[in-house]
Every structure is written in C-alpha cells, then in structure tokens.
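Just structure_9.pdb here, PDB, C-alpha atoms:
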ATOM      1  CA  MET A 584      39.012 -20.325  13.050
ATOM      2  CA  LEU A 585      35.516 -19.690  11.676
ATOM      3  CA  LYS A 586      35.954 -22.426   9.071
ATOM      4  CA  LYS A 587      37.080 -24.945  11.716
ATOM      5  CA  PHE A 588      34.216 -23.968  14.005
ATOM      6  CA  ASN A 589      31.628 -24.325  11.215
ATOM      7  CA  SER A 590      33.121 -27.691  10.290
ATOM      8  CA  PHE A 591      32.836 -28.791  13.925
ATOM      9  CA  ILE A 592      29.211 -27.606  14.084
ATOM     10  CA  ASN A 593      28.313 -29.401  10.828
ATOM     11  CA  MET A 594      29.860 -32.672  12.030
ATOM     12  CA  SER A 595      28.068 -32.277  15.360
ATOM     13  CA  ILE A 596      24.731 -31.793  13.584
ATOM     14  CA  ILE A 597      25.331 -34.960  11.543
ATOM     15  CA  THR A 598      26.207 -36.847  14.747
ATOM     16  CA  ALA A 599      23.056 -35.537  16.452
ATOM     17  CA  VAL A 600      20.875 -36.613  13.516
ATOM     18  CA  LEU A 601      22.466 -40.092  13.627
ATOM     19  CA  PHE A 602      21.736 -40.277  17.374
ATOM     20  CA  LEU A 603      18.145 -39.214  16.627
ATOM     21  CA  LEU A 604      17.742 -42.006  14.057
ATOM     22  CA  LEU A 605      19.409 -44.529  16.360
ATOM     23  CA  GLY A 606      17.105 -43.452  19.195
ATOM     24  CA  GLY A 607      14.058 -43.960  16.991
ATOM     25  CA  VAL A 608      15.145 -47.455  15.958
ATOM     26  CA  ILE A 609      15.951 -48.378  19.558
ATOM     27  CA  VAL A 610      12.531 -47.180  20.787
ATOM     28  CA  ILE A 611      10.712 -49.124  18.067
ATOM     29  CA  PHE A 612      12.790 -52.343  18.381
ATOM     30  CA  PRO A 613      14.377 -52.328  21.876
ATOM     31  CA  SER A 614      15.281 -55.978  22.456
ATOM     32  CA  THR A 615      16.398 -56.648  18.904
ATOM     33  CA  SER A 616      18.452 -53.450  18.829
ATOM     34  CA  LEU A 617      20.283 -54.289  22.022
ATOM     35  CA  LYS A 618      21.077 -57.816  20.886
ATOM     36  CA  ILE A 619      22.352 -56.633  17.494
ATOM     37  CA  ILE A 620      24.473 -53.915  19.085
ATOM     38  CA  SER A 621      25.902 -56.386  21.573
ATOM     39  CA  TYR A 622      26.861 -58.969  18.946
ATOM     40  CA  PHE A 623      28.234 -56.296  16.610
ATOM     41  CA  LEU A 624      30.378 -54.802  19.365
ATOM     42  CA  ALA A 625      31.567 -58.281  20.400
ATOM     43  CA  LEU A 626      32.629 -59.006  16.826
ATOM     44  CA  ILE A 627      34.486 -55.693  16.546
ATOM     45  CA  LEU A 628      36.308 -56.316  19.851
ATOM     46  CA  ILE A 629      37.318 -59.810  18.757
ATOM     47  CA  ILE A 630      38.640 -58.557  15.407
ATOM     48  CA  ILE A 631      40.565 -55.732  17.100
ATOM     49  CA  GLY A 632      41.941 -58.154  19.679
ATOM     50  CA  ILE A 633      43.176 -60.623  17.074
ATOM     51  CA  SER A 634      44.636 -57.782  15.013
ATOM     52  CA  LEU A 635      46.534 -56.354  17.988
ATOM     53  CA  ILE A 636      47.843 -59.777  18.993
ATOM     54  CA  LEU A 637      49.083 -60.430  15.452
ATOM     55  CA  LYS A 638      50.769 -56.997  15.341
ATOM     56  CA  SER A 639      52.617 -57.541  18.604
ATOM     57  CA  THR A 640      56.361 -58.112  18.543
ATOM     58  CA  SER A 641      58.977 -59.008  21.075
ATOM     59  CA  SER A 642      59.946 -55.338  21.229
ATOM     60  CA  PHE A 643      59.397 -53.663  24.595
ATOM     61  CA  VAL A 644      57.885 -50.624  22.867
ATOM     62  CA  PHE A 645      55.080 -52.693  21.292
ATOM     63  CA  SER A 646      54.474 -55.050  24.224
ATOM     64  CA  ASP A 647      51.222 -53.234  25.068
ATOM     65  CA  PHE A 648      49.739 -54.413  21.766
ATOM     66  CA  ILE A 649      49.534 -57.985  22.996
ATOM     67  CA  THR A 650      48.048 -56.949  26.352
ATOM     68  CA  SER A 651      45.463 -54.703  24.694
ATOM     69  CA  GLY A 652      44.783 -57.397  22.122
ATOM     70  CA  ILE A 653      44.177 -60.078  24.737
ATOM     71  CA  LEU A 654      41.907 -57.765  26.765
ATOM     72  CA  SER A 655      39.951 -56.784  23.664
ATOM     73  CA  LEU A 656      39.628 -60.409  22.559
ATOM     74  CA  LEU A 657      38.469 -61.520  26.024
ATOM     75  CA  LEU A 658      35.953 -58.672  26.320
ATOM     76  CA  GLY A 659      34.615 -59.558  22.861
ATOM     77  CA  ILE A 660      34.230 -63.228  23.772
ATOM     78  CA  ILE A 661      32.553 -62.344  27.097
ATOM     79  CA  LEU A 662      30.152 -59.989  25.327
ATOM     80  CA  LEU A 663      29.430 -62.686  22.737
ATOM     81  CA  ILE A 664      28.615 -65.187  25.492
ATOM     82  CA  TYR A 665      26.816 -62.665  27.754
ATOM     83  CA  PRO A 666      25.243 -60.092  25.427
ATOM     84  CA  LYS A 667      23.086 -58.693  28.255
ATOM     85  CA  MET A 668      26.249 -57.281  29.867
ATOM     86  CA  LEU A 669      25.889 -54.477  27.350
ATOM     87  CA  ASN A 670      22.707 -53.382  29.172
ATOM     88  CA  ILE A 671      24.941 -51.792  31.813
ATOM     89  CA  ILE A 672      27.876 -50.642  29.675
ATOM     90  CA  ILE A 673      25.938 -48.642  27.032
ATOM     91  CA  PRO A 674      24.032 -46.358  29.425
ATOM     92  CA  ILE A 675      27.149 -45.494  31.421
ATOM     93  CA  ILE A 676      29.224 -44.627  28.341
ATOM     94  CA  THR A 677      26.314 -42.707  26.815
ATOM     95  CA  GLY A 678      25.715 -40.821  30.068
ATOM     96  CA  VAL A 679      29.336 -39.741  30.218
ATOM     97  CA  TRP A 680      29.162 -38.622  26.553
ATOM     98  CA  PHE A 681      26.023 -36.555  27.239
ATOM     99  CA  ILE A 682      27.582 -34.862  30.278
ATOM    100  CA  VAL A 683      30.926 -34.022  28.646
ATOM    101  CA  SER A 684      29.231 -32.713  25.505
ATOM    102  CA  SER A 685      26.803 -30.585  27.499
ATOM    103  CA  ILE A 686      29.494 -29.050  29.700
ATOM    104  CA  PHE A 687      31.210 -27.787  26.545
ATOM    105  CA  LYS A 688      27.909 -26.365  25.303
ATOM    106  CA  ILE A 689      27.280 -24.626  28.623
ATOM    107  CA  ARG A 690      30.660 -22.931  28.267
ATOM    108  CA  LEU A 691      29.715 -21.769  24.771
ATOM    109  CA  SER A 692      26.337 -20.567  26.053
ATOM    110  CA  LEU A 693      28.022 -18.463  28.732
ATOM    111  CA  VAL A 694      30.232 -16.917  26.063
ATOM    112  CA  LEU A 695      27.089 -16.028  24.090
ATOM    113  CA  LYS A 696      25.598 -14.463  27.238
ATOM    114  CA  LYS A 697      28.728 -12.388  27.755
ATOM    115  CA  TYR A 698      28.331 -10.961  24.258
ATOM    116  CA  GLY A 699      24.629 -10.240  24.632
ATOM    117  CA  VAL A 700      23.222 -12.981  22.385
ATOM    118  CA  SER A 701      19.616 -13.496  23.482
ATOM    119  CA  SER A 702      19.377 -17.231  22.723
ATOM    120  CA  TRP A 703      22.062 -18.184  25.255
ATOM    121  CA  LEU A 704      19.454 -19.105  27.871
ATOM    122  CA  TRP A 705      17.758 -21.722  25.654
ATOM    123  CA  ALA A 706      21.106 -23.294  24.870
ATOM    124  CA  ILE A 707      22.031 -23.490  28.544
ATOM    125  CA  ILE A 708      18.623 -24.896  29.578
ATOM    126  CA  LEU A 709      18.822 -27.621  26.928
ATOM    127  CA  SER A 710      22.402 -28.433  27.923
ATOM    128  CA  ILE A 711      21.336 -28.778  31.567
ATOM    129  CA  LEU A 712      18.475 -31.056  30.460
ATOM    130  CA  THR A 713      21.007 -33.182  28.598
ATOM    131  CA  ILE A 714      23.264 -33.353  31.680
ATOM    132  CA  ILE A 715      20.282 -34.579  33.712
ATOM    133  CA  CYS A 716      19.656 -37.282  31.072
ATOM    134  CA  GLY A 717      23.334 -38.294  31.277
ATOM    135  CA  VAL A 718      23.258 -38.488  35.082
ATOM    136  CA  LEU A 719      20.084 -40.608  34.968
ATOM    137  CA  LEU A 720      21.792 -43.022  32.589
ATOM    138  CA  ILE A 721      24.822 -43.364  34.867
ATOM    139  CA  ILE A 722      22.864 -43.680  38.105
ATOM    140  CA  ASN A 723      20.301 -46.197  36.827
ATOM    141  CA  PRO A 724      21.988 -48.410  34.205
ATOM    142  CA  ASN A 725      20.289 -51.712  35.034
ATOM    143  CA  ILE A 726      16.562 -51.058  35.329
ATOM    144  CA  GLY A 727      15.605 -53.865  33.016
ATOM    145  CA  ALA A 728      16.690 -54.680  29.490
ATOM    146  CA  LEU A 729      13.649 -53.572  27.526
ATOM    147  CA  THR A 730      12.844 -50.594  29.738
ATOM    148  CA  LEU A 731      16.469 -49.535  29.705
ATOM    149  CA  THR A 732      16.734 -49.838  25.960
ATOM    150  CA  THR A 733      13.506 -47.926  25.390
ATOM    151  CA  ILE A 734      14.581 -45.187  27.813
ATOM    152  CA  LEU A 735      17.997 -45.113  26.154
ATOM    153  CA  GLY A 736      16.309 -44.607  22.781
ATOM    154  CA  MET A 737      14.147 -41.813  24.176
ATOM    155  CA  LEU A 738      17.176 -40.179  25.800
ATOM    156  CA  PHE A 739      19.013 -40.372  22.467
ATOM    157  CA  ILE A 740      16.054 -38.571  20.895
ATOM    158  CA  VAL A 741      15.962 -35.883  23.644
ATOM    159  CA  TYR A 742      19.739 -35.476  23.452
ATOM    160  CA  SER A 743      19.656 -35.218  19.669
ATOM    161  CA  ILE A 744      16.879 -32.654  19.534
ATOM    162  CA  SER A 745      18.454 -30.465  22.223
ATOM    163  CA  ASP A 746      21.858 -30.888  20.584
ATOM    164  CA  ILE A 747      20.531 -29.855  17.167
ATOM    165  CA  ILE A 748      18.833 -26.769  18.644
ATOM    166  CA  ASP A 749      22.036 -25.845  20.542
ATOM    167  CA  LEU A 750      24.134 -26.307  17.426
ATOM    168  CA  ILE A 751      21.790 -24.162  15.333
ATOM    169  CA  ILE A 752      22.066 -21.410  17.954
ATOM    170  CA  PHE A 753      25.864 -21.706  17.915
ATOM    171  CA  LYS A 754      25.984 -21.800  14.113
ATOM    172  CA  LYS A 755      23.906 -18.610  13.879
ATOM    173  CA  ASN A 756      26.430 -16.971  16.198
ATOM    174  CA  ALA A 757      29.554 -18.526  14.673
ATOM    175  CA  ASN A 758      31.171 -15.182  13.892
ATOM    176  CA  THR A 759      30.853 -14.019  17.494
ATOM    177  CA  ILE A 760      32.190 -17.301  18.867
ATOM    178  CA  ALA A 761      35.068 -17.389  16.355
ATOM    179  CA  LYS A 762      36.138 -13.867  17.380
ATOM    180  CA  ILE A 763      36.223 -14.884  21.022
ATOM    181  CA  PHE A 764      38.371 -17.986  20.526
ATOM    182  CA  LYS A 765      40.972 -16.415  18.230
TER     183      LYS A 765
END

Here is a file; write its structure as structure tokens.
Amino acid sequence: MLKKFNSFINMSIITAVLFLLLGGVIVIFPSTSLKIISYFLALILIIIGISLILKSTSSFVFSDFITSGILSLLLGIILLIYPKMLNIIIPIITGVWFIVSSIFKIRLSLVLKKYGVSSWLWAIILSILTIICGVLLIINPNIGALTLTTILGMLFIVYSISDIIDLIIFKKNANTIAKIFK
C-alpha cells in the first residue's frame, strides 16, 4: 500500500509541476496558447474520430464506435472552424478537475487531523482555495478570451503550488496514511 501511495504522490507531483509550467506559458502567451491548444485538440479529436469510424463493424457490440467516432470527428471539425469555442470548454473541465482533486485532498487532510498530524490545517486550507478557484472557473467561463486565458494560467499556477505543498505534506506522512487505508 505504501509503495502504491508513494507512486501516486510522485505522479501527482509531476502532474502539478506540468500544470505549473503550462500556467506560466499561458500567462506569458495567452492568445497564442489558446489558439494552439484549440487546434491541437481539434486535430486529436479528428484523428480519434476517423480511427473509431474505421474500427467500427456491423456488429451490434461495436456499433458505439461509429457513433463515438462521428461525434469526435464533428467536434474536432467544429473546434477547427471555431477555435474560440475552447474558451468556454477549458475552464469548465479544469474547474471540475480542481474541485474533484481538492475534495480527495480534504479527505486526506481530515485523516491527518484524526491522527494528530499538525500540518493538516495547511493542506485543508490550500484544498479549499483550490476548490474556490475551480468554482470560479465553472461560474465565469466566458469573461473574455485573453483575460480568461491569463486567469486560467494564473489559476493553474495557484493550483499547482497548492497541490505541490499538499502532496509534500502527504508524502511526509505517507506511513500514517498507508496504515489507515490498509
């Protein structure tokens, strides 16, 4: 259990550092970043769509491949034609990610509190801050392309820093957490 938990923490730290870097790039180059992300995502959706359509068969079991493929292809084409549509999609998905991730961390923080670990309060405060960032992203997704992108980059940075601090706290207390979840 301890090995799995440490592996999870290490992967989470890597993910947080990547979000930190992505946030920095987005803050420095907001309009270019959003356009590149939009076109890249459109290309991926088109490739996935074509792949799923080609893999479809007349079998009832695999009939969803063609439906998923067509939807993916259409979404990719729409995003290619209207790249600004991503201005609304990215903040909502990111907000949901922040909230779900932070709820898990709040649960871990409460476990640390139960076992008398003093740093539980910092972890819970940072998780609540991250939930607030996630809610703001969901509530206000279309406040303007450049402003939104810059705020998104800053929120990625805030999320990443609070996530890294949380993960360090959890890593320092890995033995306690591993004992609890056995």

Given the PyMOL selection byres ((chain A and resi 649-656) around 8), the residues it picks as a JSON list (two decimals) with C-alpha atoms, in the frame of the given file:
[["chain", "number", "residue", "atom", "x", "y", "z"],
["A", 628, "LEU", "CA", 36.31, -56.32, 19.85],
["A", 629, "ILE", "CA", 37.32, -59.81, 18.76],
["A", 630, "ILE", "CA", 38.64, -58.56, 15.41],
["A", 631, "ILE", "CA", 40.56, -55.73, 17.10],
["A", 632, "GLY", "CA", 41.94, -58.15, 19.68],
["A", 633, "ILE", "CA", 43.18, -60.62, 17.07],
["A", 634, "SER", "CA", 44.64, -57.78, 15.01],
["A", 635, "LEU", "CA", 46.53, -56.35, 17.99],
["A", 636, "ILE", "CA", 47.84, -59.78, 18.99],
["A", 637, "LEU", "CA", 49.08, -60.43, 15.45],
["A", 638, "LYS", "CA", 50.77, -57.00, 15.34],
["A", 639, "SER", "CA", 52.62, -57.54, 18.60],
["A", 645, "PHE", "CA", 55.08, -52.69, 21.29],
["A", 646, "SER", "CA", 54.47, -55.05, 24.22],
["A", 647, "ASP", "CA", 51.22, -53.23, 25.07],
["A", 648, "PHE", "CA", 49.74, -54.41, 21.77],
["A", 657, "LEU", "CA", 38.47, -61.52, 26.02],
["A", 658, "LEU", "CA", 35.95, -58.67, 26.32],
["A", 659, "GLY", "CA", 34.62, -59.56, 22.86],
["A", 660, "ILE", "CA", 34.23, -63.23, 23.77]]

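Compared by their closest atoms to Phe681 of chain A, and using only C-alpha atoms, the residues A:Ala599, A:Ile760, A:Phe612, A:Leu662 rank with A:Ala599 nearest.
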
(request) Run the PyMOL selection byres ((chain A and resi 600) around 12) against the file shown and list the residues it catches, as an NGL selection string. (result) :A and (593-599 or 601-607 or 739-748 or 750)

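Across A:Leu693, A:Leu663, A:Met737, A:Leu617, the tightest approach to Thr713 of chain A is made by A:Met737 when counting all atoms listed in the file.
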
(request) For each of A:Val694, A:Thr677, A:Lys688, A:Gly699, take the minimum atom-to-atom distance to Cys716 of chain A, counting only C-alpha atoms, then give the residue where this is smallest. (result) A:Thr677

(request) For the file shown, report as a PyMOL selection string the outcome of the PyMOL selection byres ((chain A and resi 706) around 8) at residue level. (result) chain A and resi 688-689+692+702-705+707-710+748-749+752

(request) Excluding Asn589 of chain A and any residue of its chain fewer than 5 positions from it, enumerate the residues within 10 Å of it, using only C-alpha atoms, and give them as a VMD selection string. (result) chain A and resid 584 594 to 595 750 753 to 755 757 to 758 761

Same residues, C-alpha atoms, output as a tab-separated table (two decimals), in the coordinates of the input:
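Everything below was put into result-v4.tsv:
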chain	number	residue	atom	x	y	z
A	584	MET	CA	39.01	-20.32	13.05
A	594	MET	CA	29.86	-32.67	12.03
A	595	SER	CA	28.07	-32.28	15.36
A	750	LEU	CA	24.13	-26.31	17.43
A	753	PHE	CA	25.86	-21.71	17.92
A	754	LYS	CA	25.98	-21.80	14.11
A	755	LYS	CA	23.91	-18.61	13.88
A	757	ALA	CA	29.55	-18.53	14.67
A	758	ASN	CA	31.17	-15.18	13.89
A	761	ALA	CA	35.07	-17.39	16.36

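Using only C-alpha atoms, the shortest contact distance between Ile592 of chain A and any of A:Ile611, A:Val718, A:Ile751, A:Ile763 is found at A:Ile751.
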
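Computed from the coordinates, the atom CA of Leu585 of chain A to atom CA of Thr759 of chain A distance equals 9.4 Å.
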
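You can rank A:Thr730, A:Asn670, A:Ser701, A:Asn723 by their closest distance to Ile620 of chain A using all atoms listed in the file, and at the top of that list sits A:Asn670.
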
Show me, as JSON, the centre and edge lengths in Å to one decimal of the axis-aligned box that covers every listed atom of segment 664-674 of chain A with 8 Å on each side.
{"center_x": 25.7, "center_y": -55.8, "center_z": 28.6, "size_x": 21.9, "size_y": 34.8, "size_z": 22.4}

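The interatomic distance for the pair atom CA of Gly736 of chain A and atom CA of Ser614 of chain A works out to 11.4 Å.
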
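With atom CA of Ile715 of chain A on one side and atom CA of Val679 of chain A on the other, the separation reads 11.0 Å.
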
(message) I need the residue nearest Ile721 of chain A from this list: A:Trp680, A:Ile675, A:Phe591, A:Lys762. Use only C-alpha atoms for the distance.
(response) A:Ile675

Complete the atoms of segment 670-693 of chain A to N, CA, C and O atoms and put them out as an mmCIF file, in the coordinates of the input.
data_model
loop_
_atom_site.group_PDB
_atom_site.id
_atom_site.type_symbol
_atom_site.label_atom_id
_atom_site.label_comp_id
_atom_site.auth_asym_id
_atom_site.auth_seq_id
_atom_site.Cartn_x
_atom_site.Cartn_y
_atom_site.Cartn_z
ATOM 1 N N ASN A 670 23.781 -54.170 28.562
ATOM 2 C CA ASN A 670 22.707 -53.382 29.172
ATOM 3 C C ASN A 670 23.235 -52.385 30.200
ATOM 4 O O ASN A 670 22.610 -51.366 30.445
ATOM 5 N N ILE A 671 24.362 -52.684 30.809
ATOM 6 C CA ILE A 671 24.941 -51.792 31.813
ATOM 7 C C ILE A 671 25.999 -50.887 31.189
ATOM 8 O O ILE A 671 26.101 -49.716 31.540
ATOM 9 N N ILE A 672 26.765 -51.400 30.247
ATOM 10 C CA ILE A 672 27.876 -50.642 29.675
ATOM 11 C C ILE A 672 27.381 -49.458 28.831
ATOM 12 O O ILE A 672 27.871 -48.339 28.969
ATOM 13 N N ILE A 673 26.409 -49.692 27.953
ATOM 14 C CA ILE A 673 25.938 -48.642 27.032
ATOM 15 C C ILE A 673 25.414 -47.411 27.777
ATOM 16 O O ILE A 673 25.813 -46.297 27.468
ATOM 17 N N PRO A 674 24.535 -47.562 28.771
ATOM 18 C CA PRO A 674 24.032 -46.358 29.425
ATOM 19 C C PRO A 674 25.119 -45.546 30.123
ATOM 20 O O PRO A 674 25.073 -44.320 30.126
ATOM 21 N N ILE A 675 26.091 -46.215 30.713
ATOM 22 C CA ILE A 675 27.149 -45.494 31.421
ATOM 23 C C ILE A 675 28.000 -44.702 30.435
ATOM 24 O O ILE A 675 28.265 -43.505 30.643
ATOM 25 N N ILE A 676 28.422 -45.325 29.352
ATOM 26 C CA ILE A 676 29.224 -44.627 28.341
ATOM 27 C C ILE A 676 28.426 -43.482 27.721
ATOM 28 O O ILE A 676 28.933 -42.371 27.546
ATOM 29 N N THR A 677 27.163 -43.741 27.404
ATOM 30 C CA THR A 677 26.314 -42.707 26.815
ATOM 31 C C THR A 677 26.106 -41.550 27.790
ATOM 32 O O THR A 677 26.163 -40.384 27.404
ATOM 33 N N GLY A 678 25.888 -41.857 29.060
ATOM 34 C CA GLY A 678 25.715 -40.821 30.068
ATOM 35 C C GLY A 678 26.930 -39.917 30.179
ATOM 36 O O GLY A 678 26.807 -38.692 30.247
ATOM 37 N N VAL A 679 28.104 -40.523 30.161
ATOM 38 C CA VAL A 679 29.336 -39.741 30.218
ATOM 39 C C VAL A 679 29.446 -38.852 28.974
ATOM 40 O O VAL A 679 29.793 -37.672 29.063
ATOM 41 N N TRP A 680 29.130 -39.395 27.812
ATOM 42 C CA TRP A 680 29.162 -38.622 26.553
ATOM 43 C C TRP A 680 28.235 -37.409 26.657
ATOM 44 O O TRP A 680 28.606 -36.295 26.320
ATOM 45 N N PHE A 681 26.993 -37.633 27.115
ATOM 46 C CA PHE A 681 26.023 -36.555 27.239
ATOM 47 C C PHE A 681 26.546 -35.451 28.161
ATOM 48 O O PHE A 681 26.426 -34.271 27.861
ATOM 49 N N ILE A 682 27.107 -35.835 29.296
ATOM 50 C CA ILE A 682 27.582 -34.862 30.278
ATOM 51 C C ILE A 682 28.747 -34.046 29.736
ATOM 52 O O ILE A 682 28.751 -32.817 29.808
ATOM 53 N N VAL A 683 29.744 -34.723 29.173
ATOM 54 C CA VAL A 683 30.926 -34.022 28.646
ATOM 55 C C VAL A 683 30.527 -33.073 27.511
ATOM 56 O O VAL A 683 30.950 -31.914 27.473
ATOM 57 N N SER A 684 29.693 -33.537 26.620
ATOM 58 C CA SER A 684 29.231 -32.713 25.505
ATOM 59 C C SER A 684 28.462 -31.493 26.004
ATOM 60 O O SER A 684 28.645 -30.378 25.514
ATOM 61 N N SER A 685 27.624 -31.683 26.988
ATOM 62 C CA SER A 685 26.803 -30.585 27.499
ATOM 63 C C SER A 685 27.621 -29.560 28.275
ATOM 64 O O SER A 685 27.311 -28.373 28.251
ATOM 65 N N ILE A 686 28.636 -29.998 28.977
ATOM 66 C CA ILE A 686 29.494 -29.050 29.700
ATOM 67 C C ILE A 686 30.159 -28.104 28.705
ATOM 68 O O ILE A 686 30.233 -26.891 28.934
ATOM 69 N N PHE A 687 30.620 -28.633 27.588
ATOM 70 C CA PHE A 687 31.210 -27.787 26.545
ATOM 71 C C PHE A 687 30.177 -26.786 26.029
ATOM 72 O O PHE A 687 30.468 -25.610 25.844
ATOM 73 N N LYS A 688 28.957 -27.249 25.823
ATOM 74 C CA LYS A 688 27.909 -26.365 25.303
ATOM 75 C C LYS A 688 27.500 -25.297 26.325
ATOM 76 O O LYS A 688 27.152 -24.186 25.955
ATOM 77 N N ILE A 689 27.557 -25.625 27.598
ATOM 78 C CA ILE A 689 27.280 -24.626 28.623
ATOM 79 C C ILE A 689 28.342 -23.527 28.574
ATOM 80 O O ILE A 689 28.027 -22.340 28.680
ATOM 81 N N ARG A 690 29.587 -23.923 28.391
ATOM 82 C CA ARG A 690 30.660 -22.931 28.267
ATOM 83 C C ARG A 690 30.413 -22.010 27.071
ATOM 84 O O ARG A 690 30.581 -20.797 27.168
ATOM 85 N N LEU A 691 30.022 -22.589 25.944
ATOM 86 C CA LEU A 691 29.715 -21.769 24.771
ATOM 87 C C LEU A 691 28.513 -20.864 25.035
ATOM 88 O O LEU A 691 28.499 -19.705 24.606
ATOM 89 N N SER A 692 27.516 -21.367 25.739
ATOM 90 C CA SER A 692 26.337 -20.567 26.053
ATOM 91 C C SER A 692 26.704 -19.368 26.916
ATOM 92 O O SER A 692 26.182 -18.265 26.716
ATOM 93 N N LEU A 693 27.596 -19.567 27.868
ATOM 94 C CA LEU A 693 28.022 -18.463 28.732
ATOM 95 C C LEU A 693 28.811 -17.413 27.945
ATOM 96 O O LEU A 693 28.729 -16.223 28.246
#
